[in-house]
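Novice: Let me give you the structure first, and then I'll get to my questions.
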Amino acid sequence: MKKTSTILAGVAAILLLTLLSLGLTAQTQNSNTMSKKILFVVTSHDKKGSTGEPTGFYLGEVTHPWEVLHEAGYDIDFVSPKGGKAPVDGFDLNDPVNKKFWEDPTWRNKVENTMKPSEVDPSKYMAIYYAGGHGAMWDLADNQELAAIASKIYSNNGIVGAVCHGPAGLVNIKVANGKYLVDGKKINAFTNEEETAVKLEKVVPFMLESKLIERGAKFEKSGLWQPHVTVDQRVVTGQNPQSAKGVGEAILKELK
């Protein structure tokens, strides 16, 4: 009887250890899933000033970083200043990456049902990425809720990324020491020369390059429409649509 009791006790102990081990593994997997999240910010603004011309977020500036990060196993959520359906610009389905994103019901549903800033828990995200498109110039810079979310992600050792006009969202972000996020950092964005080339220098509410320099950024740039990605102290910025994939790759490298 004693021998049987000892065997049963041993089996019970092994079962208990197995269950505990499975529970810890599940918790670890759940924790890893939670931590592998990135927040994409898109504009809610759909008009270029008083011109009446449509705008929004630039599709390729969402899809090319999305492809890089999604294929690396990261889950992506979308937020916009107003929430709901985000207006889209640069709608080119001849671009196979755009087509793959747009025709996938899961991702199209996400970008057509973006979260409001009030619905975002910054602690869930390892990185925040601001997509460009001219709409960003009108509603990202002064959005205090989004700035606060980005500041919290950055203070949690996260990454802040942006491309083209997306860095408009960075101009008023302040960090723990009270300074602007971009102050003293190498930063890249849509240049004054590019804005002039598209004849919108008198339409946009401010010139993005000039505003970033005013905030203390060490502005870097290449020639018109040349890919250019800058990384400095967990801030990743790109110059134009041609830089979007490179920004995604640089964010991935920083996350690793």
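By order of appearance in the structure tokens: chains A, B, ..., then residues from 1 within every chain, and ligands from 1 in the order shown.
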Just list the residues in range 150-242 of chain A DSSP gives strand (DSSP E) on the backbone, as a count of residues only.

Specialist: 17

Novice: I want to know what sits within 12 Å of Met126 in chain A, based on only C-alpha atoms, with residues of the same chain fewer than 2 positions away left out; could you give that as a PyMOL selection string?

Specialist: chain A and resi 32-40+69+74-77+121-124+128-129+149-150+152-161+234+251-252+254-256

Novice: Okay, now the selection with C-alpha atoms, as a compact mmCIF listing (two decimals), in the first residue's frame?

Specialist:
# COMPACT_ATOMS: atom_id res chain seq x y z
CA ASN A 32 4.99 37.85 -26.24
CA THR A 33 1.84 38.33 -28.35
CA MET A 34 0.86 41.37 -26.29
CA SER A 35 4.30 42.92 -26.61
CA LYS A 36 4.55 42.43 -30.38
CA LYS A 37 2.10 45.21 -31.22
CA ILE A 38 2.69 48.37 -33.24
CA LEU A 39 0.37 51.36 -33.53
CA PHE A 40 -0.01 53.00 -36.96
CA LEU A 69 6.48 44.45 -39.86
CA TYR A 74 4.07 42.04 -35.42
CA ASP A 75 0.38 42.81 -34.95
CA ILE A 76 -0.67 46.28 -36.14
CA ASP A 77 -3.52 48.49 -34.96
CA ASP A 121 -3.67 51.79 -24.29
CA PRO A 122 -0.06 52.91 -24.94
CA SER A 123 1.36 50.18 -22.68
CA LYS A 124 0.42 47.54 -25.27
CA ILE A 128 4.19 53.96 -32.94
CA TYR A 129 4.43 54.87 -36.62
CA ILE A 149 0.37 58.29 -26.56
CA ALA A 150 3.63 58.60 -28.51
CA LYS A 152 4.33 57.20 -23.30
CA ILE A 153 5.43 54.59 -25.86
CA TYR A 154 8.80 56.32 -26.20
CA SER A 155 9.25 56.61 -22.42
CA ASN A 156 8.54 52.85 -22.17
CA ASN A 157 11.65 52.31 -24.33
CA GLY A 158 9.55 52.04 -27.50
CA ILE A 159 10.21 53.26 -31.03
CA VAL A 160 8.69 56.34 -32.70
CA GLY A 161 8.63 56.25 -36.50
CA ARG A 234 14.82 55.19 -31.15
CA ILE A 251 11.85 50.15 -37.20
CA LEU A 252 12.14 46.35 -37.35
CA GLU A 254 15.42 48.86 -33.81
CA LEU A 255 12.80 46.51 -32.33
CA LYS A 256 15.21 43.59 -32.57

Novice: Quick one: everything within 6 Å of Cys164 in chain A, counting only C-alpha atoms, minus sequence neighbours fewer than 2 positions away in the same chain. Send it as a ChimeraX atom specification.

Specialist: /A:132,166,189-190,238-240

Novice: Any chance you can output those residues with C-alpha atoms as a PDB file, in the first residue's frame?

Specialist:
ATOM      1  CA  GLY A 132       2.230  60.483 -44.265  1.00  0.00           C
ATOM      2  CA  GLY A 166       3.974  61.801 -40.968  1.00  0.00           C
ATOM      3  CA  ALA A 189      10.863  64.328 -43.425  1.00  0.00           C
ATOM      4  CA  PHE A 190       9.281  65.756 -46.576  1.00  0.00           C
ATOM      5  CA  GLY A 238      11.902  58.911 -43.704  1.00  0.00           C
ATOM      6  CA  GLN A 239      11.786  61.646 -46.328  1.00  0.00           C
ATOM      7  CA  ASN A 240       9.084  60.679 -48.836  1.00  0.00           C
TER       8      ASN A 240
END

Novice: Any idea what's packed within 8 Å of range 49-51 of chain A, counting only C-alpha atoms, ignoring anything in its chain fewer than 6 positions away? Could you give it as a list in words?

Specialist: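 In the requested format, the answer is Val203, Val204 and Pro205 of chain A.
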
Novice: Take the selection from the previous step and output its residues with C-alpha atoms, as a short mmCIF file (atom, residue, chain, number, x, y, z; two decimals), in the first residue's frame.

Specialist:
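So the final result, stored in part19.cif, reads:
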data_model
loop_
_atom_site.label_atom_id
_atom_site.label_comp_id
_atom_site.auth_asym_id
_atom_site.auth_seq_id
_atom_site.Cartn_x
_atom_site.Cartn_y
_atom_site.Cartn_z
CA VAL A 203 -1.31 75.62 -49.11
CA VAL A 204 0.07 73.60 -46.17
CA PRO A 205 -0.36 75.21 -42.72
#

Novice: How many Å separate CA of Asp142 in chain A from CA of Val175 in chain A?

Specialist: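 For CA of Asp142 in chain A relative to CA of Val175 in chain A, the distance reads 15.7 Å.
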
Novice: If we count only C-alpha atoms and set the cut-off at 9 Å, which residues sit around range 93-103 of chain A, ignoring sequence neighbours fewer than 2 positions away in its own chain? Please answer as a ChimeraX atom specification.

Specialist: /A:59-60,62-64,66-67,91,105-108

Novice: Would you put the residues from that selection into a file with C-alpha atoms, as a tab-separated table (two decimals), in the first residue's frame?

Specialist:
chain	number	residue	atom	x	y	z
A	59	LEU	CA	-1.60	54.27	-49.07
A	60	GLY	CA	1.95	53.12	-49.88
A	62	VAL	CA	0.99	52.41	-44.73
A	63	THR	CA	1.34	49.26	-46.80
A	64	HIS	CA	5.11	49.05	-47.31
A	66	TRP	CA	2.99	47.16	-42.79
A	67	GLU	CA	4.29	44.36	-45.02
A	91	PHE	CA	-4.58	54.93	-54.21
A	105	PRO	CA	-10.55	42.05	-45.60
A	106	THR	CA	-8.87	42.03	-42.16
A	107	TRP	CA	-6.52	44.91	-42.89
A	108	ARG	CA	-8.91	46.95	-44.97

Novice: Give me the residues near Gly84 in chain A as a compact mmCIF listing (two decimals) with N, CA and C atoms, in the first residue's frame, where near means some atom within 12 Å (using only C-alpha atoms) and where sequence neighbours in that chain fewer than 4 positions away do not count.

Specialist:
# COMPACT_ATOMS: atom_id res chain seq x y z
N VAL A 42 -2.82 57.31 -38.72
CA VAL A 42 -3.19 57.88 -40.03
C VAL A 42 -4.07 59.11 -39.82
N THR A 43 -4.07 59.98 -40.80
CA THR A 43 -4.84 61.22 -40.72
C THR A 43 -6.33 60.98 -40.89
N SER A 44 -7.12 61.90 -40.35
CA SER A 44 -8.57 61.92 -40.60
C SER A 44 -8.94 63.05 -41.57
N HIS A 45 -7.95 63.83 -41.99
CA HIS A 45 -8.20 65.05 -42.78
C HIS A 45 -8.22 64.73 -44.28
N PHE A 78 -4.61 50.44 -35.89
CA PHE A 78 -4.67 51.76 -36.52
C PHE A 78 -5.45 52.74 -35.66
N VAL A 79 -4.94 53.96 -35.57
CA VAL A 79 -5.62 55.04 -34.85
C VAL A 79 -5.58 56.28 -35.73
N SER A 80 -6.61 57.10 -35.62
CA SER A 80 -6.64 58.39 -36.32
C SER A 80 -7.26 59.41 -35.38
N ARG A 108 -8.06 45.85 -44.47
CA ARG A 108 -8.91 46.95 -44.97
C ARG A 108 -9.95 47.34 -43.91
N ASN A 109 -10.49 46.35 -43.22
CA ASN A 109 -11.45 46.64 -42.16
C ASN A 109 -10.80 47.46 -41.05
N LYS A 110 -9.54 47.15 -40.73
CA LYS A 110 -8.85 47.90 -39.67
C LYS A 110 -8.67 49.37 -40.04
N VAL A 111 -8.26 49.63 -41.29
CA VAL A 111 -7.98 51.01 -41.68
C VAL A 111 -9.28 51.78 -41.97
N GLU A 112 -10.38 51.05 -42.16
CA GLU A 112 -11.67 51.71 -42.35
C GLU A 112 -12.45 51.80 -41.03
N ASN A 113 -11.87 51.27 -39.97
CA ASN A 113 -12.48 51.36 -38.63
C ASN A 113 -11.38 51.65 -37.60
N THR A 114 -10.66 52.74 -37.83
CA THR A 114 -9.55 53.07 -36.93
C THR A 114 -10.05 53.41 -35.54
N MET A 115 -9.18 53.19 -34.56
CA MET A 115 -9.51 53.56 -33.19
C MET A 115 -9.44 55.08 -33.02
N LYS A 116 -10.13 55.58 -32.02
CA LYS A 116 -9.94 56.95 -31.56
C LYS A 116 -8.77 56.93 -30.56
N PRO A 117 -8.06 58.07 -30.41
CA PRO A 117 -6.96 58.11 -29.44
C PRO A 117 -7.39 57.68 -28.03
N GLU A 119 -9.25 55.39 -27.17
CA GLU A 119 -9.41 53.94 -27.07
C GLU A 119 -8.06 53.20 -27.03
